[in-house]
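The structure file input38.cif is reproduced below (mmCIF, C-alpha atoms and all ligand atoms).
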data_run
#
loop_
_atom_site.group_PDB
_atom_site.id
_atom_site.type_symbol
_atom_site.label_atom_id
_atom_site.label_comp_id
_atom_site.auth_asym_id
_atom_site.auth_seq_id
_atom_site.Cartn_x
_atom_site.Cartn_y
_atom_site.Cartn_z
ATOM 1 C CA MET J 284 3.244 173.269 158.339
ATOM 2 C CA SER J 285 -0.505 173.055 158.874
ATOM 3 C CA ASP J 286 -2.738 176.116 158.885
ATOM 4 C CA ARG J 287 -3.454 175.753 162.559
ATOM 5 C CA PHE J 288 0.141 176.687 163.346
ATOM 6 C CA ARG J 289 0.337 179.469 160.762
ATOM 7 C CA ASP J 290 1.419 182.067 163.283
ATOM 8 C CA THR J 291 3.435 179.764 165.487
ATOM 9 C CA VAL J 292 6.691 181.392 166.523
ATOM 10 C CA LEU J 293 8.089 178.599 168.645
ATOM 11 C CA ASP J 294 7.257 174.941 168.227
ATOM 12 C CA ILE J 295 8.953 172.553 170.635
ATOM 13 C CA ARG J 296 8.450 168.863 169.968
ATOM 14 C CA ASN J 297 9.400 166.038 172.255
ATOM 15 C CA LEU J 298 12.375 167.851 173.784
ATOM 16 C CA SER J 299 14.560 165.890 176.175
ATOM 17 C CA VAL J 300 17.699 167.131 177.894
ATOM 18 C CA GLU J 301 19.968 164.994 180.058
ATOM 19 C CA PHE J 302 22.917 165.623 182.334
ATOM 20 C CA PRO J 303 25.189 162.650 182.922
ATOM 21 C CA THR J 304 26.670 162.705 186.419
ATOM 22 C CA GLU J 305 29.099 160.266 188.014
ATOM 23 C CA THR J 306 26.327 158.294 189.656
ATOM 24 C CA GLU J 307 23.284 158.759 187.417
ATOM 25 C CA LEU J 308 21.761 160.297 184.327
ATOM 26 C CA VAL J 309 19.723 163.369 185.339
ATOM 27 C CA LYS J 310 16.716 163.754 183.048
ATOM 28 C CA ALA J 311 16.253 167.521 183.268
ATOM 29 C CA VAL J 312 13.574 167.724 180.557
ATOM 30 C CA SER J 313 11.644 164.700 179.257
ATOM 31 C CA GLY J 314 9.532 164.783 176.114
ATOM 32 C CA LEU J 315 8.397 168.401 176.340
ATOM 33 C CA THR J 316 6.050 169.625 173.593
ATOM 34 C CA PHE J 317 4.360 173.017 173.219
ATOM 35 C CA GLN J 318 3.653 175.739 170.692
ATOM 36 C CA LEU J 319 3.775 179.464 171.165
ATOM 37 C CA GLU J 320 1.916 181.835 168.854
ATOM 38 C CA ARG J 321 2.958 185.334 167.833
ATOM 39 C CA GLY J 322 2.160 187.869 170.549
ATOM 40 C CA GLN J 323 1.382 185.137 173.077
ATOM 41 C CA THR J 324 2.966 184.363 176.426
ATOM 42 C CA ILE J 325 3.566 180.878 177.709
ATOM 43 C CA GLY J 326 4.117 180.553 181.435
ATOM 44 C CA ILE J 327 6.317 177.691 182.537
ATOM 45 C CA VAL J 328 5.810 176.938 186.188
ATOM 46 C CA GLY J 329 7.224 174.142 188.256
ATOM 47 C CA GLU J 330 9.181 173.202 191.327
ATOM 48 C CA SER J 331 12.827 173.981 191.698
ATOM 49 C CA GLY J 332 14.786 171.542 189.538
ATOM 50 C CA SER J 333 11.847 170.753 187.250
ATOM 51 C CA GLY J 334 13.697 171.878 184.137
ATOM 52 C CA LYS J 335 12.473 175.433 183.505
ATOM 53 C CA SER J 336 15.907 176.999 183.103
ATOM 54 C CA VAL J 337 17.208 174.058 181.106
ATOM 55 C CA THR J 338 14.273 174.466 178.687
ATOM 56 C CA SER J 339 15.228 178.130 178.158
ATOM 57 C CA GLN J 340 18.869 177.123 177.729
ATOM 58 C CA ALA J 341 17.900 174.529 175.121
ATOM 59 C CA VAL J 342 15.990 177.121 173.084
ATOM 60 C CA MET J 343 18.953 179.482 173.224
ATOM 61 C CA GLY J 344 21.331 176.647 172.357
ATOM 62 C CA LEU J 345 23.126 177.135 175.648
ATOM 63 C CA VAL J 346 22.705 173.874 177.548
ATOM 64 C CA PRO J 347 25.874 173.731 179.651
ATOM 65 C CA SER J 348 28.212 170.794 179.192
ATOM 66 C CA PRO J 349 28.010 167.886 180.024
ATOM 67 C CA GLY J 350 24.275 168.332 179.478
ATOM 68 C CA ARG J 351 22.906 167.541 176.055
ATOM 69 C CA VAL J 352 19.690 167.524 174.108
ATOM 70 C CA THR J 353 18.933 163.839 173.569
ATOM 71 C CA SER J 354 15.757 164.153 171.525
ATOM 72 C CA GLY J 355 13.392 166.604 169.953
ATOM 73 C CA GLU J 356 13.075 169.564 167.666
ATOM 74 C CA ILE J 357 12.870 173.278 168.386
ATOM 75 C CA TRP J 358 11.364 175.224 165.476
ATOM 76 C CA LEU J 359 11.600 179.004 165.450
ATOM 77 C CA LYS J 360 9.891 181.205 162.909
ATOM 78 C CA THR J 361 12.114 184.245 162.602
ATOM 79 C CA SER J 362 11.079 187.543 161.066
ATOM 80 C CA ALA J 363 13.654 187.032 158.313
ATOM 81 C CA THR J 364 12.576 183.605 157.073
ATOM 82 C CA ILE J 365 9.296 182.306 155.708
ATOM 83 C CA GLU J 366 9.785 178.752 156.869
ATOM 84 C CA PRO J 367 10.523 177.934 160.495
ATOM 85 C CA ILE J 368 14.025 176.721 161.265
ATOM 86 C CA ASN J 369 15.022 173.848 163.509
ATOM 87 C CA LEU J 370 17.378 175.464 165.991
ATOM 88 C CA LEU J 371 18.777 172.123 167.086
ATOM 89 C CA ALA J 372 19.990 171.404 163.561
ATOM 90 C CA LEU J 373 21.700 174.771 163.194
ATOM 91 C CA PRO J 374 25.482 175.163 163.349
ATOM 92 C CA GLU J 375 26.628 177.247 166.341
ATOM 93 C CA LYS J 376 27.734 180.123 164.101
ATOM 94 C CA GLN J 377 24.250 180.545 162.635
ATOM 95 C CA LEU J 378 22.581 180.083 165.986
ATOM 96 C CA ARG J 379 24.670 182.910 167.400
ATOM 97 C CA ARG J 380 23.072 185.260 164.871
ATOM 98 C CA TYR J 381 19.638 184.595 166.380
ATOM 99 C CA ARG J 382 20.713 184.589 170.011
ATOM 100 C CA GLY J 383 20.373 188.066 171.468
ATOM 101 C CA GLY J 384 18.710 189.066 168.212
ATOM 102 C CA GLU J 385 15.553 187.198 167.200
ATOM 103 C CA MET J 386 15.701 185.457 170.564
ATOM 104 C CA ALA J 387 16.395 187.710 173.499
ATOM 105 C CA VAL J 388 16.719 186.691 177.100
ATOM 106 C CA ILE J 389 16.188 188.221 180.522
ATOM 107 C CA PHE J 390 17.600 186.524 183.576
ATOM 108 C CA GLN J 391 16.530 186.269 187.186
ATOM 109 C CA GLU J 392 19.498 188.251 188.362
ATOM 110 C CA PRO J 393 19.912 191.418 186.264
ATOM 111 C CA MET J 394 23.599 191.739 187.178
ATOM 112 C CA SER J 395 24.307 188.469 185.366
ATOM 113 C CA ALA J 396 23.564 190.350 182.132
ATOM 114 C CA LEU J 397 25.391 193.548 183.099
ATOM 115 C CA ASN J 398 29.023 194.414 183.626
ATOM 116 C CA PRO J 399 29.660 196.469 186.786
ATOM 117 C CA VAL J 400 32.562 198.413 185.289
ATOM 118 C CA TYR J 401 30.667 199.923 182.341
ATOM 119 C CA THR J 402 27.877 202.507 182.352
ATOM 120 C CA ILE J 403 24.410 201.286 181.468
ATOM 121 C CA GLY J 404 24.432 203.599 178.438
ATOM 122 C CA TYR J 405 27.591 201.967 177.093
ATOM 123 C CA GLN J 406 26.119 198.493 177.566
ATOM 124 C CA ILE J 407 22.802 199.289 175.866
ATOM 125 C CA VAL J 408 24.608 201.008 172.985
ATOM 126 C CA GLU J 409 26.816 197.920 172.552
ATOM 127 C CA ALA J 410 23.732 195.675 172.507
ATOM 128 C CA ILE J 411 22.160 197.873 169.828
ATOM 129 C CA ARG J 412 25.304 197.965 167.704
ATOM 130 C CA GLN J 413 25.627 194.202 167.810
ATOM 131 C CA HIS J 414 22.487 193.824 165.724
ATOM 132 C CA GLN J 415 22.224 197.045 163.759
ATOM 133 C CA THR J 416 24.569 199.096 161.652
ATOM 134 C CA VAL J 417 24.006 202.530 163.149
ATOM 135 C CA THR J 418 26.209 205.440 164.141
ATOM 136 C CA MET J 419 27.169 206.008 167.761
ATOM 137 C CA ALA J 420 24.822 209.008 167.962
ATOM 138 C CA GLU J 421 21.903 206.989 166.584
ATOM 139 C CA ALA J 422 22.629 204.126 168.951
ATOM 140 C CA GLN J 423 22.660 206.551 171.906
ATOM 141 C CA GLN J 424 19.366 208.048 170.784
ATOM 142 C CA GLN J 425 17.887 204.546 170.533
ATOM 143 C CA ALA J 426 19.282 203.658 173.970
ATOM 144 C CA ILE J 427 17.424 206.587 175.497
ATOM 145 C CA GLU J 428 14.226 205.683 173.660
ATOM 146 C CA ARG J 429 14.467 202.138 175.001
ATOM 147 C CA LEU J 430 15.020 203.418 178.536
ATOM 148 C CA GLN J 431 11.908 205.545 178.100
ATOM 149 C CA GLU J 432 10.013 202.541 176.783
ATOM 150 C CA VAL J 433 10.840 200.547 179.907
ATOM 151 C CA LYS J 434 9.913 203.625 181.957
ATOM 152 C CA LEU J 435 13.240 204.050 183.655
ATOM 153 C CA VAL J 436 13.460 207.491 182.081
ATOM 154 C CA ALA J 437 10.311 209.610 181.843
ATOM 155 C CA ASP J 438 8.871 210.210 178.386
ATOM 156 C CA GLU J 439 9.758 213.339 176.425
ATOM 157 C CA ALA J 440 6.641 215.362 177.300
ATOM 158 C CA SER J 441 6.912 214.595 181.030
ATOM 159 C CA LEU J 442 10.615 215.445 181.050
ATOM 160 C CA ARG J 443 9.999 218.842 179.445
ATOM 161 C CA GLU J 444 7.132 219.613 181.785
ATOM 162 C CA GLN J 445 9.169 218.678 184.825
ATOM 163 C CA VAL J 446 12.193 220.692 183.700
ATOM 164 C CA SER J 447 10.051 223.736 182.827
ATOM 165 C CA ARG J 448 8.595 223.688 186.315
ATOM 166 C CA GLU J 449 12.027 223.358 187.906
ATOM 167 C CA LEU J 450 13.526 226.171 185.849
ATOM 168 C CA GLU J 451 10.580 228.433 186.548
ATOM 169 C CA ALA J 452 10.926 227.821 190.263
ATOM 170 C CA GLU J 453 14.638 228.651 190.009
ATOM 171 C CA ASP J 454 14.638 231.728 187.726
ATOM 172 C CA GLY J 455 11.051 232.786 187.194
ATOM 173 C CA ALA J 456 11.275 232.721 183.398
ATOM 174 C CA THR J 457 12.515 229.935 181.104
ATOM 175 C CA SER J 458 13.403 229.673 177.444
ATOM 176 C CA LYS J 459 12.662 226.629 175.337
ATOM 177 C CA ARG J 460 16.376 226.315 174.664
ATOM 178 C CA ASP J 461 17.173 226.045 178.369
ATOM 179 C CA VAL J 462 14.502 223.397 178.800
ATOM 180 C CA LEU J 463 15.804 221.272 175.935
ATOM 181 C CA LYS J 464 19.350 221.621 177.187
ATOM 182 C CA ARG J 465 18.476 220.405 180.649
ATOM 183 C CA VAL J 466 16.331 217.564 179.279
ATOM 184 C CA ALA J 467 19.289 216.421 177.168
ATOM 185 C CA GLN J 468 21.470 216.560 180.290
ATOM 186 C CA ILE J 469 19.029 214.444 182.304
ATOM 187 C CA LYS J 470 18.991 211.817 179.567
ATOM 188 C CA GLN J 471 22.779 211.835 179.313
ATOM 189 C CA ASP J 472 23.025 211.433 183.104
ATOM 190 C CA TRP J 473 20.951 208.255 182.849
ATOM 191 C CA LEU J 474 23.242 206.812 180.196
ATOM 192 C CA ASP J 475 26.260 207.684 182.364
ATOM 193 C CA ARG J 476 25.038 205.779 185.419
ATOM 194 C CA TYR J 477 26.775 202.615 186.569
ATOM 195 C CA PRO J 478 24.827 199.499 187.567
ATOM 196 C CA HIS J 479 25.626 199.978 191.281
ATOM 197 C CA GLN J 480 23.765 203.301 191.218
ATOM 198 C CA LEU J 481 20.470 201.570 190.370
ATOM 199 C CA SER J 482 18.013 199.431 192.351
ATOM 200 C CA GLY J 483 17.214 195.820 191.461
ATOM 201 C CA GLY J 484 13.969 196.767 189.721
ATOM 202 C CA GLN J 485 15.699 199.557 187.802
ATOM 203 C CA LEU J 486 18.455 197.164 186.725
ATOM 204 C CA GLN J 487 15.899 194.680 185.493
ATOM 205 C CA ARG J 488 14.401 197.489 183.384
ATOM 206 C CA VAL J 489 17.863 198.099 181.909
ATOM 207 C CA THR J 490 18.238 194.431 180.939
ATOM 208 C CA ILE J 491 14.750 194.505 179.414
ATOM 209 C CA ALA J 492 15.748 197.611 177.422
ATOM 210 C CA MET J 493 18.812 195.706 176.169
ATOM 211 C CA ALA J 494 16.775 192.610 175.351
ATOM 212 C CA ILE J 495 14.173 194.461 173.277
ATOM 213 C CA SER J 496 16.770 196.605 171.501
ATOM 214 C CA SER J 497 17.173 193.912 168.837
ATOM 215 C CA ASN J 498 13.403 193.750 168.159
ATOM 216 C CA PRO J 499 13.228 190.085 169.139
ATOM 217 C CA THR J 500 10.553 187.732 167.876
ATOM 218 C CA LEU J 501 10.856 185.720 171.055
ATOM 219 C CA LEU J 502 11.654 186.986 174.521
ATOM 220 C CA ILE J 503 12.745 184.362 177.016
ATOM 221 C CA ALA J 504 12.409 185.496 180.605
ATOM 222 C CA ASP J 505 13.633 182.916 183.105
ATOM 223 C CA GLU J 506 12.196 184.049 186.429
ATOM 224 C CA PRO J 507 12.501 187.746 185.584
ATOM 225 C CA THR J 508 10.957 188.872 188.853
ATOM 226 C CA THR J 509 12.024 186.302 191.441
ATOM 227 C CA ALA J 510 14.839 188.464 192.805
ATOM 228 C CA LEU J 511 12.603 191.543 193.135
ATOM 229 C CA ASP J 512 10.198 192.519 195.869
ATOM 230 C CA VAL J 513 6.521 191.885 195.365
ATOM 231 C CA THR J 514 5.316 195.338 194.269
ATOM 232 C CA VAL J 515 8.211 195.698 191.830
ATOM 233 C CA GLN J 516 7.433 192.218 190.458
ATOM 234 C CA ALA J 517 3.942 193.341 189.490
ATOM 235 C CA THR J 518 5.139 196.448 187.645
ATOM 236 C CA ILE J 519 7.796 194.489 185.747
ATOM 237 C CA LEU J 520 5.232 191.879 184.645
ATOM 238 C CA LYS J 521 2.882 194.646 183.530
ATOM 239 C CA LEU J 522 5.722 196.253 181.588
ATOM 240 C CA LEU J 523 6.591 192.960 179.878
ATOM 241 C CA ARG J 524 2.961 192.527 178.832
ATOM 242 C CA GLU J 525 2.851 196.055 177.379
ATOM 243 C CA LEU J 526 6.095 195.522 175.469
ATOM 244 C CA ARG J 527 4.894 192.174 174.167
ATOM 245 C CA ASP J 528 1.747 193.780 172.778
ATOM 246 C CA ARG J 529 3.496 196.808 171.316
ATOM 247 C CA HIS J 530 6.188 194.753 169.572
ATOM 248 C CA GLN J 531 4.067 191.672 168.879
ATOM 249 C CA MET J 532 6.681 189.565 170.644
ATOM 250 C CA SER J 533 6.101 186.082 171.937
ATOM 251 C CA MET J 534 7.221 185.445 175.488
ATOM 252 C CA MET J 535 8.359 182.410 177.381
ATOM 253 C CA LEU J 536 8.093 183.245 181.052
ATOM 254 C CA SER J 537 9.107 180.892 183.836
ATOM 255 C CA ARG J 538 8.481 180.906 187.521
ATOM 256 C CA THR J 539 9.193 178.545 190.409
ATOM 257 C CA ILE J 540 6.257 177.282 192.426
ATOM 258 C CA TRP J 541 6.774 175.481 195.655
ATOM 259 C CA ALA J 542 5.053 172.150 196.011
HETATM 260 N N1 LIG L 1 24.847 172.397 184.661
HETATM 261 C C1 LIG L 1 24.185 171.348 185.168
HETATM 262 N N2 LIG L 1 24.815 170.206 185.507
HETATM 263 C C2 LIG L 1 24.140 169.161 186.019
HETATM 264 N N3 LIG L 1 22.810 169.159 186.215
HETATM 265 C C3 LIG L 1 22.130 170.252 185.899
HETATM 266 C C4 LIG L 1 22.758 171.419 185.365
HETATM 267 N N4 LIG L 1 21.813 172.362 185.158
HETATM 268 C C5 LIG L 1 20.649 171.820 185.536
HETATM 269 N N5 LIG L 1 20.831 170.540 185.988
HETATM 270 C C6 LIG L 1 19.786 169.663 186.479
HETATM 271 O O1 LIG L 1 18.673 169.713 185.606
HETATM 272 C C7 LIG L 1 17.459 169.734 186.329
HETATM 273 C C8 LIG L 1 16.634 170.924 185.928
HETATM 274 O O2 LIG L 1 17.271 172.115 186.340
HETATM 275 P P1 LIG L 1 16.725 173.571 186.052
HETATM 276 O O3 LIG L 1 17.818 174.505 186.389
HETATM 277 O O4 LIG L 1 16.174 173.635 184.673
HETATM 278 O O5 LIG L 1 15.527 173.704 187.091
HETATM 279 P P2 LIG L 1 14.531 174.908 187.298
HETATM 280 O O6 LIG L 1 13.159 174.397 187.039
HETATM 281 O O7 LIG L 1 14.981 176.081 186.510
HETATM 282 O O8 LIG L 1 14.688 175.194 188.860
HETATM 283 P P3 LIG L 1 14.634 176.585 189.686
HETATM 284 O O9 LIG L 1 13.181 176.858 189.929
HETATM 285 O O10 LIG L 1 15.358 176.254 190.941
HETATM 286 O O11 LIG L 1 15.305 177.633 188.865
HETATM 287 C C9 LIG L 1 17.840 169.693 187.802
HETATM 288 O O12 LIG L 1 17.720 168.383 188.256
HETATM 289 C C10 LIG L 1 19.273 170.133 187.815
HETATM 290 O O13 LIG L 1 19.964 169.556 188.869
HETATM 291 MG MG MG L 2 15.669 177.978 187.019
#
For the file at hand, write its structure as C-alpha cells.
Amino acid sequence: MSDRFRDTVLDIRNLSVEFPTETELVKAVSGLTFQLERGQTIGIVGESGSGKSVTSQAVMGLVPSPGRVTSGEIWLKTSATIEPINLLALPEKQLRRYRGGEMAVIFQEPMSALNPVYTIGYQIVEAIRQHQTVTMAEAQQQAIERLQEVKLVADEASLREQVSRELEAEDGATSKRDVLKRVAQIKQDWLDRYPHQLSGGQLQRVTIAMAISSNPTLLIADEPTTALDVTVQATILKLLRELRDRHQMSMMLSRTIWA
C-alpha cells in the first residue's frame, strides 16, 4: 500500500452491487471508489434509491438476498491488523467478528437497533459483553459512562452538584454519602428505562452509545438524523463529530437529498 494511503481506514475500489428482479437487473451501486482516512468523515449524499444504504450494507457484509456484490474490493484497516483486509474475501464467520466491533452501525430508525421488551441498560450491557470479557458490574459501569459520553446522562460532576442542591432544598443539610447514593440511583434509573420511555433523539443517543461501546475503527451512520426533528438533528451531528475526534474514529455518514 502506497504511503499516500498510510492512514486509510476504508478503501473501496470499483464496488458494484446488483439486485436481480423478475423484469430487470437493478444496478444499486456501480463502480464506486473512495478512501476514508482515520478520524475523517465521508458524507454520502444522493437521491432516494441512489445506493447509499446498499453501500453501507456492502461494507457490513449485509447486502440482502437476492442482491450481490458483482465487482470490487472493500479494504478495512482494523486496529488489530497491520495490513488492511479485503472484507469481500472474508468468510462470514470472520466478518461477523468485525461487524458491531471494528465496524459499528447506526440506523435511521433507532428502534430498529433496539428491542422494546428489554431495558436500555440491559441492551447496552449486552453490546459491551459481546466484544469484551468483563464482569456484569464492569459492563454496567461502562454502560453508564457511555450514556454520559452521549450526554443522555449528565456527567459525574453535574450529577453531584444537582443532587446536592436538591438534597439541600429538601433537608437543609446533606452528607456526601447521601449525595453519592442518590447519584447512583439516578444512574441506575437510566439503565432501567425501557425504549418507549425515551424520545427519538434520546433513543438515537442510546444506539450511538451501543455503537461506540466496542471502540469501533469505523462508524457507519446511514441517515442517523433523518427521523429526528431539525434541532435534534444538529445536536446529534455535533455529538457524532465530538465522538469521532475523541475516539479517532472514521465515519461514513449518509443523507438523502431531493433532486
Ligand atoms: N432488498 C432489495 N431488493 C431489491 N432492490 C433493492 C433492495 N435494496 C435496495 N434495492 C435497490 O437498490 C437501489 C439503491 O437502494 P438504497 O436503499 O441503497 O437507496 P438509498 O440511496 O439508501 O435511498 P434512500 O435515500 O431512500 O434511503 C434502489 O434502486 C433500490 O430499489
Ligand atoms: Mg437509504
TODO: Let me know the residues the PyMOL selection byres (((not hetatm)) within 8 of (chain L and resi 2)) catches in the file above, as a PyMOL selection string.
DONE: chain J and resi 331-332+334-337+505-506+537-539
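With only C-alpha atoms as the atoms that count, the minimum distance from J:Leu435 to the choices J:His479, J:Leu371, J:Arg380, J:Leu522 is reached by J:Leu522.
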Could you give me the residues within 10 Å of ligand LIG 1 (chain L), counting only C-alpha atoms and all ligand atoms, as a ChimeraX atom specification? /J:300-304,308-312,327-341,346-351,391,505-506,509,537-541
When you look at J:Arg488 with a cut-off of 10 Å (counting all atoms listed in the file), what residues show up, excluding the ones that are within fewer than 6 positions of it in the same chain? I need them as JSON, numbers by chain. {"J": [389, 393, 429, 430, 431, 432, 433, 434, 435, 482, 494, 519, 522, 523]}
For the selection you just gave me, I'd like the residues written to a file as a short mmCIF file (atom, residue, chain, number, x, y, z; two decimals), in the coordinates of the input, keeping C-alpha atoms.
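What ended up in part_34.cif:
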data_model
loop_
_atom_site.label_atom_id
_atom_site.label_comp_id
_atom_site.auth_asym_id
_atom_site.auth_seq_id
_atom_site.Cartn_x
_atom_site.Cartn_y
_atom_site.Cartn_z
CA ILE J 389 16.19 188.22 180.52
CA PRO J 393 19.91 191.42 186.26
CA ARG J 429 14.47 202.14 175.00
CA LEU J 430 15.02 203.42 178.54
CA GLN J 431 11.91 205.54 178.10
CA GLU J 432 10.01 202.54 176.78
CA VAL J 433 10.84 200.55 179.91
CA LYS J 434 9.91 203.62 181.96
CA LEU J 435 13.24 204.05 183.66
CA SER J 482 18.01 199.43 192.35
CA ALA J 494 16.77 192.61 175.35
CA ILE J 519 7.80 194.49 185.75
CA LEU J 522 5.72 196.25 181.59
CA LEU J 523 6.59 192.96 179.88
#
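Note that the spacing between atom CA of J:Thr418 and atom CA of J:Gln471 amounts to 16.8 Å.
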The PyMOL selection byres (((chain J and resi 353-365) around 9) and not hetatm) - which residues does that actually catch in the file I just gave you? List them as a ChimeraX atom specification. /J:290-301,313-316,341-342,351-352,366-372,381,385-386,499-501
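If all atoms listed in the file are the atoms counted, then among J:Asp512, J:Glu525, J:Gln413, J:Val462 the closest residue to J:Arg448 is J:Val462.
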### Message
Would you pick out the contacts of J:Val466 at 8 Å or less, using only C-alpha atoms, so that residues sharing its chain but fewer than 4 positions from it are not included, and give the list as a PyMOL selection string?
### Response
chain J and resi 442-443+446+462+470
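This file gives the following result for the PyMOL selection byres (((chain J and resi 406-409) around 6) and not hetatm): Ile403, Gly404, Tyr405, Ala410, Ile411, Arg412, Ala422, Gln423, Ala426 and Met493 of chain J.
Take atom CA of J:Met343 and atom CA of J:Arg382: the distance between them is 6.3 Å.
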Save stretch 482-500 of chain J from what I just supplied, as a compact mmCIF listing (two decimals), in the first residue's frame, atoms limited to N, CA, C and O atoms.
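Result saved to decode_7.txt:
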# COMPACT_ATOMS: atom_id res chain seq x y z
N SER J 482 -37.46 9.70 24.12
CA SER J 482 -37.81 10.36 22.86
C SER J 482 -36.93 9.81 21.74
O SER J 482 -35.96 9.10 21.99
N GLY J 483 -37.27 10.19 20.51
CA GLY J 483 -36.50 9.73 19.34
C GLY J 483 -35.02 10.12 19.43
O GLY J 483 -34.14 9.31 19.16
N GLY J 484 -34.77 11.38 19.81
CA GLY J 484 -33.39 11.84 19.92
C GLY J 484 -32.64 11.11 21.03
O GLY J 484 -31.47 10.76 20.88
N GLN J 485 -33.35 10.87 22.14
CA GLN J 485 -32.72 10.14 23.25
C GLN J 485 -32.41 8.70 22.84
O GLN J 485 -31.35 8.16 23.17
N LEU J 486 -33.33 8.09 22.08
CA LEU J 486 -33.10 6.72 21.62
C LEU J 486 -31.90 6.65 20.68
O LEU J 486 -31.11 5.71 20.72
N GLN J 487 -31.78 7.68 19.83
CA GLN J 487 -30.64 7.67 18.92
C GLN J 487 -29.34 7.78 19.72
O GLN J 487 -28.34 7.16 19.38
N ARG J 488 -29.37 8.52 20.83
CA ARG J 488 -28.18 8.59 21.69
C ARG J 488 -27.86 7.22 22.28
O ARG J 488 -26.70 6.86 22.44
N VAL J 489 -28.91 6.46 22.62
CA VAL J 489 -28.69 5.11 23.16
C VAL J 489 -28.01 4.23 22.10
O VAL J 489 -27.05 3.52 22.39
N THR J 490 -28.49 4.30 20.86
CA THR J 490 -27.90 3.44 19.83
C THR J 490 -26.46 3.89 19.53
O THR J 490 -25.61 3.06 19.22
N ILE J 491 -26.20 5.18 19.67
CA ILE J 491 -24.82 5.65 19.48
C ILE J 491 -23.94 5.12 20.62
O ILE J 491 -22.82 4.67 20.40
N ALA J 492 -24.48 5.15 21.85
CA ALA J 492 -23.73 4.60 22.99
C ALA J 492 -23.40 3.13 22.75
O ALA J 492 -22.29 2.67 23.02
N MET J 493 -24.37 2.38 22.21
CA MET J 493 -24.13 0.96 21.92
C MET J 493 -23.08 0.80 20.83
O MET J 493 -22.18 -0.04 20.92
N ALA J 494 -23.19 1.64 19.79
CA ALA J 494 -22.27 1.53 18.66
C ALA J 494 -20.83 1.81 19.08
O ALA J 494 -19.91 1.11 18.66
N ILE J 495 -20.63 2.82 19.93
CA ILE J 495 -19.24 3.16 20.28
C ILE J 495 -18.69 2.28 21.41
O ILE J 495 -17.51 2.35 21.71
N SER J 496 -19.56 1.44 21.99
CA SER J 496 -19.11 0.63 23.13
C SER J 496 -18.05 -0.39 22.73
O SER J 496 -17.33 -0.90 23.58
N SER J 497 -17.93 -0.69 21.44
CA SER J 497 -16.92 -1.64 21.01
C SER J 497 -15.65 -0.94 20.51
O SER J 497 -14.79 -1.59 19.93
N ASN J 498 -15.54 0.37 20.76
CA ASN J 498 -14.41 1.16 20.25
C ASN J 498 -14.17 0.92 18.76
O ASN J 498 -13.09 0.49 18.36
N PRO J 499 -15.17 1.20 17.93
CA PRO J 499 -15.02 0.89 16.51
C PRO J 499 -13.98 1.76 15.82
O PRO J 499 -13.74 2.90 16.23
N THR J 500 -13.38 1.20 14.78
CA THR J 500 -12.49 1.96 13.92
C THR J 500 -13.34 2.78 12.94
O THR J 500 -12.99 3.88 12.58
